[in-house]
4 protein chains.
Amino acid sequence: MITARLLLYCPDKPGILAEITDFITVNKGNIVYLDQYVDRVENIFFMRIEWELNDFLIPKEKIEDYFKTLFAQKYDMHLRLYFSDTRPRMAIFVSKFSHCLYDMLARYTAGEWDVDIPLIISNHPDLKHVADRFGIPFYVFPITKENKAEQEQKELDLLAEYNISCIVLARYMQVVSPQMIEAYPNRIINIHHSFLPAFVGAKPYHAAFARGVKIVGATSHYVTTELDAGPIIEQDVVRITHKDSVEELIKKGRDLEKIVLSRAVRKHIERKILTYKNKTVIFN
Amino acid sequence: MITARLLLYCPDKPGILAEITDFITVNKGNIVYLDQYVDRVENIFFMRIEWELNDFLIPKEKIEDYFKTLFAQKYDMHLRLYFSDTRPRMAIFVSKFSHCLYDMLARYTAGEWDVDIPLIISNHPDLKHVADRFGIPFYVFPITKENKAEQEQKELDLLAEYNISCIVLARYMQVVSPQMIEAYPNRIINIHHSFLPAFVGAKPYHAAFARGVKIVGATSHYVTTELDAGPIIEQDVVRITHKDSVEELIKKGRDLEKIVLSRAVRKHIERKILTYKNKTVIFN
Amino acid sequence: MITARLLLYCPDKPGILAEITDFITVNKGNIVYLDQYVDRVENIFFMRIEWELNDFLIPKEKIEDYFKTLFAQKYDMHLRLYFSDTRPRMAIFVSKFSHCLYDMLARYTAGEWDVDIPLIISNHPDLKHVADRFGIPFYVFPITKENKAEQEQKELDLLAEYNISCIVLARYMQVVSPQMIEAYPNRIINIHHSFLPAFVGAKPYHAAFARGVKIVGATSHYVTTELDAGPIIEQDVVRITHKDSVEELIKKGRDLEKIVLSRAVRKHIERKILTYKNKTVIFN
Amino acid sequence: MITARLLLYCPDKPGILAEITDFITVNKGNIVYLDQYVDRVENIFFMRIEWELNDFLIPKEKIEDYFKTLFAQKYDMHLRLYFSDTRPRMAIFVSKFSHCLYDMLARYTAGEWDVDIPLIISNHPDLKHVADRFGIPFYVFPITKENKAEQEQKELDLLAEYNISCIVLARYMQVVSPQMIEAYPNRIINIHHSFLPAFVGAKPYHAAFARGVKIVGATSHYVTTELDAGPIIEQDVVRITHKDSVEELIKKGRDLEKIVLSRAVRKHIERKILTYKNKTVIFN
């Protein structure tokens, strides 16, 4: 059954929740999901609501208009509407490490995720064999200081051609330029192999080893122009001891990275994330 | 500022949420908390809503009546109403282990919990010194097979005298009789020192050691007449290895037990738990 | 550099550790790993020691004899010797769920594991496409009550033909018969999708949902003739809430299952597990 | 039964372990604990060994001399010897938060820890009532910029008078001066309320909230002259969501802080920590 998924936020005022649920109910939308949250520091109301469209009186293509007309201006509301039969189209960027890529493609192939993954982009040819195993087109754009802007433009053209709506950096070992970030605002998900904000930047496992921490982590976040500083979607950790070498941290970290990245991707695909002021609201 | 806290559940129907929030808002109640959940298997709607009473048009003492009249019958609704200025009155039952008791009294004394703890009951005199340190009356009721019914009746009389609304079994090493459970339905919180339903009953750390598990846990739950089978409120675990002796499991478990019990007690005190069919709904 | 890996256990007596390390050192073996543990309840000494063979004075093929002659009888010692250049040959058994299989094959293909996986066996044809993607022979043996003994015998013949040393049941939905267990004692690793000993048997996520637990787990263990009761190798858990449906438990559980299974397989491959009286000693 | 506990580290060379265990065994010391570790990056051998003294041929007061004479110079070995009948004498420093103090005193009073806690020092009078409940002398040294050096000298005099061997900063809200750190090298344990190295310095929960992390942590470490940068002993974390306010982080963090601090204190008391180059080796 096709559902509409509405995500919104606005300054909190009495009656918003009642008004919206009432509007959907009166128009014969059967609400199957509702989660809401009020940030009482910023006084912002956040909501995700999902309802079935089969008896809904407003035609699918006019729903967004209705909500904008009726609520958006009145409540200074940001809203995004999705339909369950429109799958996100996701590009995966990789470099040389295969663990996150395999994890994502296994889920995709097993039907765990309601998404299309029509292409994989890399700055190295190493993982072409993985793409081939799963029958997904693999494009290589080697990046140097000199050609970076040019190559990224080609990537953007390709992404446009494939009608891509979101990007996952699955251990892509390049800093993405502001140009691309602007083209996909809060729609580029990265996995950083540390418990951010600890160990920003390169070689976080080496840094963690040097500091002698007893726990290492991984962090998935939306990419913003400041390195490793975008809105955090998901984090997790694993306990280590003095006996773990850097190589062992890397091994333990790999398992974290792929799980943390995949959890974030799933939340994104299911339209369960709102971002506000560099933080995320993650609906249940 | 005094608030009303309403917890309710009923068969899910369109419009309940809208109707209730609307009713509160129209009557000038400022909603400061709302969490709701629909069990789509059982088709039950659960809600916790909290609003400020200072401008609320309905007098405090009539609020429950209004909700019962307007909603309870119409929606086949179970509801419970609390006020933020009415503190739960809690009795603690202990035997010989002090860690949970100390943890609770430290929180209580530090003002972490909005609760009154007017008495401690034990079947052994061992922990009187702890009660004394915190200036709380300590009553000893030694229990034997022969005197159990009689002693529990005395305890019930004492609890009534102290106007107790809920009981915490803080490693109380006695099975509580159906008579007492009936007097405090879903208001007796126990801590069991295993990850239930594994290792029900006595000596769970010994059983965990014998089985060679790699993780041990603790479980807080409401007490029902079936041993260690009541609605689970909170659980947590800690990793162990083959190197941990039974004594070490007991030591590691103590830290779990007190934290897991105190988390459950806090949720109960804050009126954030609904029970339905031997399971709990824990609001945020 | 080729190393010898010696795992042993025996009744604890003074001097064993000194004697063995001394023997290796005197014979010019450079010890690169040593972990030992004394079970002080059972009074058993456990040790894993690894040393480089390049300057070792005893020829590789005679090392086991030397240790048996010098120590085994004297100390009533069980010992197993492995060499780093002899890779375990592992068969994977699957049914219809692909997540554990993908996870293992991704690691294998990426070179994470020092193992050979020459074949995959299934009672259903569903996952042949996964085996094909990774170029691994896939054999189907449909199992019915009537043909079980016969089919298992064929499987055993095939395993022998492939010179298989250990088996991983990667969500293989059949109980393995005593005949096969006997052929691979403590060399069949299973993943059970619960926190054992809770929820033994079929449909553990449904059972966990029905009980209302707040945490679910997964357990990898060696298979013995008693169902889900063999020596536990690794366990892990994930927190859930009342909001999680059975389907959600299954999804969250899948991530646990594959990580917990792969951790166990890695420990097995690295020869870091000793079993004693239905429990495991896991070396660092 | 009285035991000797020897902790040592030195450049790794063949035969050290054998030589030491042999020496103890030959002199009729019954080894009840042995844990060793080789840092293969730095090539350092670390060991903790414990043996019973009742039949040991070397008199207790000469053991240290023997080890120094026989091994220390030969192997360039740092060693520390403790006896199980000599309890550490610990001072607790506090300011205004009671949770860590209560947790430690509860354990101390319940006999969980083999330690003496003869005094508590604070820069504020607020927690005197806690000390009084447990009958422990409480000294107040108010600290200002002007009097800091003078007050710390008085504290040092007091510590010397009480024959204190280690200090626990149980949410002591003052930076300890180099003078005091030098007097107690690797013997001052602090609890920092973040997952170090994230959120060094003041108000880490506010910083964590502002960054929008999904997990918060606590870290216990030895105090060095660089703020929050000493050798880490123990860390742990707890999951949070966007719904958690700063106040909620503080509440959840309190439970972490006290458990993480107490785990570190226990390891210190049990003589299970060696520090090397700003990192800790924690024996089992």
# chains A, B, ... in the order shown; residues from 1 in each chain; ligands from 1
$ interface_residues --of "chain A" --to "chain C" --cutoff "7 Å" --atoms "only C-alpha atoms" --output "VMD selection string"
chain A and resid 102 106 133
$ residues_around --residues "D:Glu50" --least-positions-apart "3" --cutoff "10 Å" --atoms "only C-alpha atoms" --output "number ranges by chain"
D: 3-7, 24, 29-35, 53, 81-84
$ residues_around --residues "stretch 200-212 of chain A" --least-positions-apart "5" --cutoff "12 Å" --atoms "only C-alpha atoms" --output "PDB file with N, CA and C atoms, in the first residue's frame"
ATOM      1  N   ARG A 171      33.995   4.758   2.766  1.00  0.00           N
ATOM      2  CA  ARG A 171      35.455   4.837   2.893  1.00  0.00           C
ATOM      3  C   ARG A 171      36.070   5.388   1.595  1.00  0.00           C
ATOM      4  N   MET A 173      38.341   7.927   0.040  1.00  0.00           N
ATOM      5  CA  MET A 173      39.478   8.596   0.641  1.00  0.00           C
ATOM      6  C   MET A 173      39.822   9.919  -0.049  1.00  0.00           C
ATOM      7  N   GLN A 174      38.814  10.723  -0.294  1.00  0.00           N
ATOM      8  CA  GLN A 174      39.011  12.040  -0.884  1.00  0.00           C
ATOM      9  C   GLN A 174      38.098  13.010  -0.150  1.00  0.00           C
ATOM     10  N   VAL A 175      38.575  14.232   0.046  1.00  0.00           N
ATOM     11  CA  VAL A 175      37.697  15.279   0.569  1.00  0.00           C
ATOM     12  C   VAL A 175      36.822  15.766  -0.592  1.00  0.00           C
ATOM     13  N   ILE A 191      31.236   7.888   6.312  1.00  0.00           N
ATOM     14  CA  ILE A 191      31.603   7.124   7.510  1.00  0.00           C
ATOM     15  C   ILE A 191      33.012   7.554   7.904  1.00  0.00           C
ATOM     16  N   HIS A 192      33.145   8.027   9.129  1.00  0.00           N
ATOM     17  CA  HIS A 192      34.475   8.380   9.631  1.00  0.00           C
ATOM     18  C   HIS A 192      34.873   7.343  10.676  1.00  0.00           C
ATOM     19  N   HIS A 193      36.105   6.871  10.565  1.00  0.00           N
ATOM     20  CA  HIS A 193      36.517   5.746  11.393  1.00  0.00           C
ATOM     21  C   HIS A 193      37.075   6.180  12.743  1.00  0.00           C
ATOM     22  N   SER A 194      36.313   7.051  13.419  1.00  0.00           N
ATOM     23  CA  SER A 194      36.605   7.364  14.813  1.00  0.00           C
ATOM     24  C   SER A 194      35.320   7.811  15.475  1.00  0.00           C
ATOM     25  N   PHE A 195      35.391   7.905  16.799  1.00  0.00           N
ATOM     26  CA  PHE A 195      34.281   8.423  17.571  1.00  0.00           C
ATOM     27  C   PHE A 195      34.380   9.944  17.562  1.00  0.00           C
ATOM     28  N   GLY A 217      35.688   4.020  18.060  1.00  0.00           N
ATOM     29  CA  GLY A 217      34.354   4.196  17.523  1.00  0.00           C
ATOM     30  C   GLY A 217      34.335   4.478  16.041  1.00  0.00           C
ATOM     31  N   ALA A 218      33.126   4.601  15.531  1.00  0.00           N
ATOM     32  CA  ALA A 218      32.917   5.015  14.155  1.00  0.00           C
ATOM     33  C   ALA A 218      31.705   5.932  14.130  1.00  0.00           C
ATOM     34  N   THR A 219      31.713   6.836  13.176  1.00  0.00           N
ATOM     35  CA  THR A 219      30.696   7.885  13.116  1.00  0.00           C
ATOM     36  C   THR A 219      30.221   8.067  11.686  1.00  0.00           C
ATOM     37  N   GLU A 226      32.920  21.753   6.353  1.00  0.00           N
ATOM     38  CA  GLU A 226      33.960  21.591   7.381  1.00  0.00           C
ATOM     39  C   GLU A 226      34.238  20.110   7.583  1.00  0.00           C
ATOM     40  N   LEU A 227      35.499  19.729   7.498  1.00  0.00           N
ATOM     41  CA  LEU A 227      35.892  18.318   7.510  1.00  0.00           C
ATOM     42  C   LEU A 227      35.425  17.585   8.772  1.00  0.00           C
ATOM     43  N   ASP A 228      34.712  16.473   8.597  1.00  0.00           N
ATOM     44  CA  ASP A 228      34.279  15.598   9.701  1.00  0.00           C
ATOM     45  C   ASP A 228      33.459  16.339  10.751  1.00  0.00           C
ATOM     46  N   ALA A 229      32.785  17.401  10.328  1.00  0.00           N
ATOM     47  CA  ALA A 229      32.059  18.218  11.301  1.00  0.00           C
ATOM     48  C   ALA A 229      30.576  18.329  10.998  1.00  0.00           C
ATOM     49  N   GLY A 230      30.083  17.560  10.037  1.00  0.00           N
ATOM     50  CA  GLY A 230      28.672  17.647   9.683  1.00  0.00           C
ATOM     51  C   GLY A 230      27.777  16.949  10.694  1.00  0.00           C
ATOM     52  N   ARG A 239      35.092  -1.970  22.495  1.00  0.00           N
ATOM     53  CA  ARG A 239      36.100  -1.930  23.537  1.00  0.00           C
ATOM     54  C   ARG A 239      37.410  -2.536  23.035  1.00  0.00           C
ATOM     55  N   ILE A 240      38.521  -1.903  23.374  1.00  0.00           N
ATOM     56  CA  ILE A 240      39.831  -2.448  23.032  1.00  0.00           C
ATOM     57  C   ILE A 240      40.686  -2.510  24.299  1.00  0.00           C
ATOM     58  N   THR A 241      41.851  -3.100  24.181  1.00  0.00           N
ATOM     59  CA  THR A 241      42.769  -3.132  25.322  1.00  0.00           C
ATOM     60  C   THR A 241      44.162  -2.735  24.842  1.00  0.00           C
ATOM     61  N   HIS A 242      45.064  -2.653  25.808  1.00  0.00           N
ATOM     62  CA  HIS A 242      46.451  -2.338  25.473  1.00  0.00           C
ATOM     63  C   HIS A 242      47.054  -3.394  24.539  1.00  0.00           C
ATOM     64  N   LYS A 243      46.425  -4.580  24.488  1.00  0.00           N
ATOM     65  CA  LYS A 243      46.989  -5.646  23.653  1.00  0.00           C
ATOM     66  C   LYS A 243      46.704  -5.450  22.173  1.00  0.00           C
ATOM     67  N   ASP A 244      45.765  -4.563  21.858  1.00  0.00           N
ATOM     68  CA  ASP A 244      45.384  -4.384  20.457  1.00  0.00           C
ATOM     69  C   ASP A 244      46.376  -3.468  19.735  1.00  0.00           C
ATOM     70  N   SER A 245      46.971  -4.001  18.700  1.00  0.00           N
ATOM     71  CA  SER A 245      47.859  -3.215  17.843  1.00  0.00           C
ATOM     72  C   SER A 245      47.032  -2.313  16.937  1.00  0.00           C
ATOM     73  N   VAL A 246      47.693  -1.412  16.241  1.00  0.00           N
ATOM     74  CA  VAL A 246      46.991  -0.577  15.260  1.00  0.00           C
ATOM     75  C   VAL A 246      46.270  -1.460  14.243  1.00  0.00           C
ATOM     76  N   GLU A 247      46.909  -2.513  13.817  1.00  0.00           N
ATOM     77  CA  GLU A 247      46.290  -3.414  12.837  1.00  0.00           C
ATOM     78  C   GLU A 247      45.014  -4.036  13.407  1.00  0.00           C
ATOM     79  N   GLU A 248      45.069  -4.375  14.679  1.00  0.00           N
ATOM     80  CA  GLU A 248      43.887  -4.962  15.319  1.00  0.00           C
ATOM     81  C   GLU A 248      42.778  -3.900  15.453  1.00  0.00           C
ATOM     82  N   LEU A 249      43.146  -2.670  15.770  1.00  0.00           N
ATOM     83  CA  LEU A 249      42.136  -1.597  15.812  1.00  0.00           C
ATOM     84  C   LEU A 249      41.468  -1.458  14.452  1.00  0.00           C
ATOM     85  N   ILE A 250      42.259  -1.510  13.421  1.00  0.00           N
ATOM     86  CA  ILE A 250      41.711  -1.386  12.061  1.00  0.00           C
ATOM     87  C   ILE A 250      40.746  -2.524  11.775  1.00  0.00           C
ATOM     88  N   LYS A 251      41.109  -3.734  12.179  1.00  0.00           N
ATOM     89  CA  LYS A 251      40.220  -4.870  11.962  1.00  0.00           C
ATOM     90  C   LYS A 251      38.913  -4.725  12.745  1.00  0.00           C
ATOM     91  N   LYS A 252      39.041  -4.395  14.043  1.00  0.00           N
ATOM     92  CA  LYS A 252      37.835  -4.226  14.851  1.00  0.00           C
ATOM     93  C   LYS A 252      36.997  -3.055  14.332  1.00  0.00           C
ATOM     94  N   GLY A 253      37.709  -2.020  13.901  1.00  0.00           N
ATOM     95  CA  GLY A 253      37.021  -0.833  13.400  1.00  0.00           C
ATOM     96  C   GLY A 253      36.227  -1.111  12.133  1.00  0.00           C
ATOM     97  N   ARG A 254      36.740  -1.978  11.277  1.00  0.00           N
ATOM     98  CA  ARG A 254      36.031  -2.284  10.029  1.00  0.00           C
ATOM     99  C   ARG A 254      34.603  -2.754  10.294  1.00  0.00           C
TER     100      ARG A 254
ATOM    101  N   VAL D  41      55.587  -3.446  19.322  1.00  0.00           N
ATOM    102  CA  VAL D  41      56.022  -2.217  18.654  1.00  0.00           C
ATOM    103  C   VAL D  41      57.221  -1.638  19.400  1.00  0.00           C
ATOM    104  N   PHE D 195      34.194  11.274  26.740  1.00  0.00           N
ATOM    105  CA  PHE D 195      34.946  10.215  26.110  1.00  0.00           C
ATOM    106  C   PHE D 195      36.225  10.832  25.552  1.00  0.00           C
ATOM    107  N   LEU D 196      37.254  10.926  26.370  1.00  0.00           N
ATOM    108  CA  LEU D 196      38.512  11.554  25.940  1.00  0.00           C
ATOM    109  C   LEU D 196      39.106  10.785  24.756  1.00  0.00           C
ATOM    110  N   PRO D 197      39.747  11.497  23.818  1.00  0.00           N
ATOM    111  CA  PRO D 197      40.125  12.899  23.854  1.00  0.00           C
ATOM    112  C   PRO D 197      39.050  13.863  23.347  1.00  0.00           C
ATOM    113  N   ALA D 198      37.834  13.406  23.133  1.00  0.00           N
ATOM    114  CA  ALA D 198      36.774  14.351  22.780  1.00  0.00           C
ATOM    115  C   ALA D 198      36.393  15.165  24.011  1.00  0.00           C
ATOM    116  N   THR D 219      35.740   8.993  31.238  1.00  0.00           N
ATOM    117  CA  THR D 219      37.120   8.505  31.150  1.00  0.00           C
ATOM    118  C   THR D 219      37.807   8.671  32.496  1.00  0.00           C
ATOM    119  N   HIS D 221      41.528   8.449  34.328  1.00  0.00           N
ATOM    120  CA  HIS D 221      42.929   8.477  33.897  1.00  0.00           C
ATOM    121  C   HIS D 221      43.805   8.961  35.039  1.00  0.00           C
ATOM    122  N   ASP D 228      43.742  16.660  31.281  1.00  0.00           N
ATOM    123  CA  ASP D 228      42.936  15.567  30.703  1.00  0.00           C
ATOM    124  C   ASP D 228      43.709  14.750  29.668  1.00  0.00           C
ATOM    125  N   ALA D 229      45.020  14.700  29.817  1.00  0.00           N
ATOM    126  CA  ALA D 229      45.840  14.014  28.812  1.00  0.00           C
ATOM    127  C   ALA D 229      46.671  12.884  29.389  1.00  0.00           C
ATOM    128  N   GLY D 230      46.433  12.526  30.636  1.00  0.00           N
ATOM    129  CA  GLY D 230      47.231  11.467  31.258  1.00  0.00           C
ATOM    130  C   GLY D 230      46.810  10.089  30.780  1.00  0.00           C
ATOM    131  N   PRO D 231      47.538   9.057  31.213  1.00  0.00           N
ATOM    132  CA  PRO D 231      47.259   7.681  30.780  1.00  0.00           C
ATOM    133  C   PRO D 231      45.832   7.257  31.127  1.00  0.00           C
ATOM    134  N   ILE D 232      45.105   6.787  30.145  1.00  0.00           N
ATOM    135  CA  ILE D 232      43.714   6.381  30.328  1.00  0.00           C
ATOM    136  C   ILE D 232      43.662   5.003  30.967  1.00  0.00           C
ATOM    137  N   ILE D 233      42.847   4.889  32.018  1.00  0.00           N
ATOM    138  CA  ILE D 233      42.689   3.608  32.707  1.00  0.00           C
ATOM    139  C   ILE D 233      41.434   2.897  32.220  1.00  0.00           C
ATOM    140  N   GLU D 234      40.342   3.639  32.139  1.00  0.00           N
ATOM    141  CA  GLU D 234      39.062   2.989  31.811  1.00  0.00           C
ATOM    142  C   GLU D 234      38.128   4.024  31.176  1.00  0.00           C
ATOM    143  N   GLN D 235      37.321   3.547  30.227  1.00  0.00           N
ATOM    144  CA  GLN D 235      36.324   4.400  29.587  1.00  0.00           C
ATOM    145  C   GLN D 235      35.055   3.597  29.414  1.00  0.00           C
ATOM    146  N   THR D 275      51.995   1.718  33.932  1.00  0.00           N
ATOM    147  CA  THR D 275      51.981   2.799  32.945  1.00  0.00           C
ATOM    148  C   THR D 275      53.316   2.811  32.223  1.00  0.00           C
ATOM    149  N   TYR D 276      53.196   3.083  30.923  1.00  0.00           N
ATOM    150  CA  TYR D 276      54.409   3.138  30.104  1.00  0.00           C
ATOM    151  C   TYR D 276      54.150   4.152  28.993  1.00  0.00           C
ATOM    152  N   LYS D 277      54.971   5.182  28.924  1.00  0.00           N
ATOM    153  CA  LYS D 277      54.843   6.188  27.864  1.00  0.00           C
ATOM    154  C   LYS D 277      53.417   6.718  27.697  1.00  0.00           C
ATOM    155  N   ASN D 278      52.826   7.164  28.749  1.00  0.00           N
ATOM    156  CA  ASN D 278      51.486   7.770  28.748  1.00  0.00           C
ATOM    157  C   ASN D 278      50.355   6.822  28.367  1.00  0.00           C
ATOM    158  N   LYS D 279      50.610   5.524  28.449  1.00  0.00           N
ATOM    159  CA  LYS D 279      49.543   4.550  28.238  1.00  0.00           C
ATOM    160  C   LYS D 279      49.546   3.553  29.386  1.00  0.00           C
ATOM    161  N   THR D 280      48.424   2.885  29.576  1.00  0.00           N
ATOM    162  CA  THR D 280      48.357   1.900  30.654  1.00  0.00           C
ATOM    163  C   THR D 280      48.306   0.489  30.095  1.00  0.00           C
ATOM    164  N   VAL D 281      48.944  -0.392  30.812  1.00  0.00           N
ATOM    165  CA  VAL D 281      48.748  -1.826  30.621  1.00  0.00           C
ATOM    166  C   VAL D 281      47.887  -2.279  31.794  1.00  0.00           C
ATOM    167  N   ILE D 282      46.706  -2.818  31.482  1.00  0.00           N
ATOM    168  CA  ILE D 282      45.781  -3.242  32.537  1.00  0.00           C
ATOM    169  C   ILE D 282      45.762  -4.765  32.553  1.00  0.00           C
TER     170      ILE D 282
END
$ select_by_dssp --residues "stretch 13-257 of chain D" --states "strand (DSSP E)" --output "VMD selection string"
chain D and resid 30 to 39 44 to 52 78 to 83 89 to 94 116 to 122 138 to 140 166 to 169 188 to 192 215 to 222 232 to 239
$ atom_distance --atom1 "atom CA of A:Phe46" --atom2 "atom CA of A:Ile16"
10.3 Å
$ residues_around --residues "stretch 63-75 of chain C" --least-positions-apart "2" --cutoff "10 Å" --atoms "only C-alpha atoms" --output "PyMOL selection string"
chain C and resi 4+6+8-13+16+19-20+23+56-61+77-82
$ write_last_selection --atoms "C-alpha atoms" --output "PDB file, in the first residue's frame"
ATOM      1  CA  ALA C   4      54.229 -22.859  15.086  1.00  0.00           C
ATOM      2  CA  LEU C   6      50.812 -24.696  20.191  1.00  0.00           C
ATOM      3  CA  LEU C   8      47.580 -27.069  25.311  1.00  0.00           C
ATOM      4  CA  TYR C   9      45.940 -27.718  28.636  1.00  0.00           C
ATOM      5  CA  CYS C  10      46.785 -29.937  31.559  1.00  0.00           C
ATOM      6  CA  PRO C  11      46.446 -30.089  35.334  1.00  0.00           C
ATOM      7  CA  ASP C  12      48.271 -27.081  36.706  1.00  0.00           C
ATOM      8  CA  LYS C  13      51.631 -27.798  38.262  1.00  0.00           C
ATOM      9  CA  ILE C  16      55.069 -26.010  33.216  1.00  0.00           C
ATOM     10  CA  GLU C  19      59.704 -25.467  31.140  1.00  0.00           C
ATOM     11  CA  ILE C  20      57.919 -24.967  27.837  1.00  0.00           C
ATOM     12  CA  PHE C  23      62.466 -25.445  25.793  1.00  0.00           C
ATOM     13  CA  PHE C  56      64.199 -23.380  15.351  1.00  0.00           C
ATOM     14  CA  LEU C  57      66.481 -26.358  15.792  1.00  0.00           C
ATOM     15  CA  ILE C  58      63.763 -29.032  15.693  1.00  0.00           C
ATOM     16  CA  PRO C  59      62.485 -29.865  12.212  1.00  0.00           C
ATOM     17  CA  LYS C  60      58.899 -28.832  11.597  1.00  0.00           C
ATOM     18  CA  GLU C  61      57.629 -32.364  11.099  1.00  0.00           C
ATOM     19  CA  MET C  77      48.669 -32.704  28.700  1.00  0.00           C
ATOM     20  CA  HIS C  78      46.318 -32.315  25.745  1.00  0.00           C
ATOM     21  CA  LEU C  79      48.060 -30.434  22.983  1.00  0.00           C
ATOM     22  CA  ARG C  80      47.357 -29.319  19.459  1.00  0.00           C
ATOM     23  CA  LEU C  81      49.961 -27.982  17.092  1.00  0.00           C
ATOM     24  CA  TYR C  82      49.308 -25.833  14.025  1.00  0.00           C
TER      25      TYR C  82
END
